[in-house]
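I have placed the structure first, in the form of structure tokens, so that the comments after it can refer back to it.
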Amino acid sequence: MKHSGIRVENLMKQFGEGDNAVSVIKGASFEVEKGELAALIAPSGAGKSTLLMMIGCVLEPSSGKIWLGDTLVYDNNWSKADTRALRREKIGFIFQAHYLIPFLNVLENVSLLPLTNKQSEEQATQISSEFLTYLGLEEKLHAMPSDLSGGQNQRVAIARALATHPEIILADEPTAALDIERAHSVVKLLRDIAKSQKVAIIMVTHDERLLTYCDKILKIVAGKIETIDNRDFEEGQNNPVI
Amino acid sequence: MINLANKDIRHTLSKFIVTAMGVGMLLGIVLIMIGVYRGMVDDARILLSDIQADLWVVQQHTLGPFAESSRLHQDLQDTLKSFDGIAQTAALTFQNIQLFNRQNQAIRVLAVGVDPLGDFQIIPPHRLKAGRVLQAQHFEMVVTDKTGFQLGERLSLGRDTYTVVGVTEGTVSSGGDPLVYISLKDAQNVQFSYSNPRIRNDRARGQPTQATQLVNTVVAKVRPGYLPEKVGAHMNEWKHLTTYTHEQQTTILSKNLIERSSKQIGLFTAILVLVSGIIIGLIIYTMTLEKMKEISIMKLIGIPNRMVVQMIMQETLMLGSIAFVFGNVFAHLIYIQFPKRVVLLWPDSIALFFVILFASFLASLFGVYKVMKADPAAAIGG
């Protein structure tokens, strides 16, 4: 049985009006199931960030539908006026840089969102510690982000994205600031997380070497999405379709 | 719940403290300005409250010795004693003179001429820090501690030498000059007697050569059961003098003499408070700008505006509060260095604290505005 993490139907985004109107996304439809890692690829300016912002409930689409898990969150209107609450409850974000809050330690960075979601301090600390331990950071719980390496910080950012048990994780070029070795380990980690935490992950990347770890490739072509199944290919072997 | 403001401040504690110290120094100056005003008001009232006269009798149509020149005959003090309701009288002179210390530095003082054997106690016992009050009719002087003169020191004044027989504490004129007390006879000589060449010149002109029987004011106390206003009004029927009650004389001092100065200080204080508010606002705005990326991230990952706004506001209020503490410490450390009296009162400090809290709240709105405008989308796409 399929467990949809995210489903998008005929999503469109147009900027401007009349003659000045520019359509960036022109009817994108795709689905990423829970447990899948999907790569979103396209040349610069093709609409990756726009699509990511729409799925992330940051930018309102012009039309279309978005499901996060079983919830229809957008159907020509947001289902919840407070899109920030939607993001907090259903989406985890990972960015190009770790963007941890510099004045909070590792544990506080991760537990901030669960606490905001009205979890008790004990619960939030426990969940956060578990994720940080899972990501090999049990020794660094009380370290400040400035005391960690880039790879460690990115793992803290992943723990932060996981801490609220989101339906999906949106990773915007999470390996952009890492060397290739660390980039590989982070993407492998994302794939393992997708499987073990049963979460759908969409990762924007420009690095084709990392696509081998992905279950799906979402390619933006002329404002639409071409979905390429990547599961039949062995690790380290590129899909010839790309 | 994690207190973001606390965490942020701890993260940049030294920067925050130095900033608070800077703002605190500004607030310290505000406190000093208020203290200068309080000092002026206090100074203006010291002499009046020390003398404790019910009535001040002065030359007709003048405002009295502190505001205008006033000359009366000394024997008026005896005449007034015959008035119904008058218990005690004393003739006084006031004049600004310069004394020279051992380093030959000029010290401007207000000399009060009092009759050492008169009815009135012009120097209250609590003012006397060392020595005694005047007892001889000549060449004794009581000085205030601010002059720096010591007990037993001999000082030249006019053609004579005076001995310091007493030192008072905190006695100053309405203008902030230290007070010295000399006998009425000596004071009249200093104020009204002329030099020998002048006397010779006046004789040659056929003019009177001296007027040492004049005083600047006569003060009086009324008997119990008599109203100073009524006794004064009765005296005013004599056309050559004017009387003021203690309250009227206080009003003349505070309204006519220090009102403009107090307005000026008040305006300065208001401007300084405004500038402090603007500076706090700019600091918070800059601190917020420095965190814009983090704020965008927080908004993107779902942290409610309320938490971010709370952080900005708490930081502003903490900055205002810590600056206020530094300001108080700073003001209390330096106020003694000011040449004029500075009176720092806790009610003023507390009032300033609330003003600063309110100003900080307004100032934080700059940062809050920036937070509200922060675009969470700025976090995506680098």
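By convention here, the chains of the structure tokens are called A, B, ... in the order presented, each chain's residues are numbered starting at 1, and ligands are numbered starting at 1 in the order presented.
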Check: which chain B residues lie within 10 Å of chain A using only C-alpha atoms, as a PyMOL selection string:
chain B and resi 1-12+291+293-305+307+375-377+379-382
Output file for the selection above: C-alpha atoms, as a CSV table (one decimal), in the first residue's frame:
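Result file follows (again15.csv):
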chain,number,residue,atom,x,y,z
B,1,MET,CA,10.4,27.2,26.9
B,2,ILE,CA,13.7,28.5,25.6
B,3,ASN,CA,14.1,32.3,26.3
B,4,LEU,CA,15.6,33.4,23.0
B,5,ALA,CA,16.5,36.9,24.2
B,6,ASN,CA,18.5,35.5,27.2
B,7,LYS,CA,20.3,33.1,24.9
B,8,ASP,CA,21.1,35.8,22.3
B,9,ILE,CA,22.4,38.2,25.0
B,10,ARG,CA,24.5,35.6,26.6
B,11,HIS,CA,25.9,34.7,23.2
B,12,THR,CA,27.1,38.3,22.6
B,291,LYS,CA,20.0,38.5,12.7
B,293,LYS,CA,18.9,35.6,8.1
B,294,GLU,CA,18.2,33.7,11.3
B,295,ILE,CA,14.9,35.5,11.7
B,296,SER,CA,13.9,34.4,8.1
B,297,ILE,CA,14.9,30.9,8.9
B,298,MET,CA,12.9,30.9,12.2
B,299,LYS,CA,9.9,32.2,10.3
B,300,LEU,CA,10.4,29.7,7.5
B,301,ILE,CA,10.7,26.7,9.9
B,302,GLY,CA,7.5,27.8,11.6
B,303,ILE,CA,8.6,29.8,14.7
B,304,PRO,CA,5.7,32.1,15.3
B,305,ASN,CA,6.2,35.9,15.0
B,307,MET,CA,8.4,34.4,19.8
B,375,ASP,CA,10.5,37.3,4.2
B,376,PRO,CA,10.8,33.6,5.1
B,377,ALA,CA,11.4,32.9,1.4
B,379,ALA,CA,16.0,31.6,3.5
B,380,ILE,CA,15.4,29.5,0.4
B,381,GLY,CA,17.7,29.5,-2.6
B,382,GLY,CA,20.7,31.0,-0.7
Residues near Leu162 of chain A, anyone? I mean within 10 Å using only C-alpha atoms, not counting same-chain ones fewer than 2 positions away, as a ChimeraX atom specification.
/A:91-94,110,113-114,127-128,131-132,156-160,164-169,193,197,199
Could you write out the selected residues, including C-alpha atoms, as a short mmCIF file (atom, residue, chain, number, x, y, z; two decimals), in the first residue's frame?
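Printed below is again_5.cif as written:
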data_model
loop_
_atom_site.label_atom_id
_atom_site.label_comp_id
_atom_site.auth_asym_id
_atom_site.auth_seq_id
_atom_site.Cartn_x
_atom_site.Cartn_y
_atom_site.Cartn_z
CA ILE A 91 7.41 20.14 6.97
CA GLY A 92 11.06 19.92 7.92
CA PHE A 93 13.55 22.23 6.19
CA ILE A 94 17.22 21.75 5.45
CA VAL A 110 16.75 20.93 17.65
CA LEU A 113 10.40 23.52 17.19
CA PRO A 114 8.98 20.66 19.29
CA ILE A 127 13.13 13.46 21.03
CA SER A 128 15.91 15.86 20.11
CA PHE A 131 17.67 12.21 16.76
CA LEU A 132 21.03 13.74 17.58
CA VAL A 156 22.20 19.11 13.45
CA ALA A 157 20.09 20.87 10.81
CA ILE A 158 18.81 17.44 9.69
CA ALA A 159 17.96 16.56 13.29
CA ARG A 160 16.09 19.88 13.56
CA THR A 164 8.70 17.51 14.67
CA HIS A 165 8.10 14.19 12.84
CA PRO A 166 7.16 16.00 9.62
CA GLU A 167 5.30 14.49 6.64
CA ILE A 168 8.01 15.75 4.29
CA ILE A 169 11.47 17.24 4.43
CA ILE A 193 16.35 8.76 7.23
CA GLN A 197 11.63 7.59 9.62
CA VAL A 199 9.31 10.52 5.61
#
Two-atom distance - atom CA of Gly266 of chain B, atom CA of Ile252 of chain B (Å)
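According to the coordinates, atom CA of Gly266 of chain B and atom CA of Ile252 of chain B are separated by 19.4 Å.
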Distance atom CA of Phe120 of chain B-atom CA of Ile258 of chain B, one decimal place?
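Interatomic distance here is 27.3 Å.
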Residue nearest Ala38 of chain A - candidates A:Val221, A:Ser129, A:Thr227, A:Lys216, atoms counted: only C-alpha atoms
A:Lys216
Helix (DSSP H, G or I) positions in segment 128-199 of chain A, given as number ranges by chain
A: 128-134, 138-140, 145-147, 150-162, 180-197
Do you know which residues are at most 9 Å from Glu226 of chain A counting only C-alpha atoms, after dropping those on the same chain fewer than 4 positions away, and could you put them as a ChimeraX atom specification?
/A:28-30,217-221
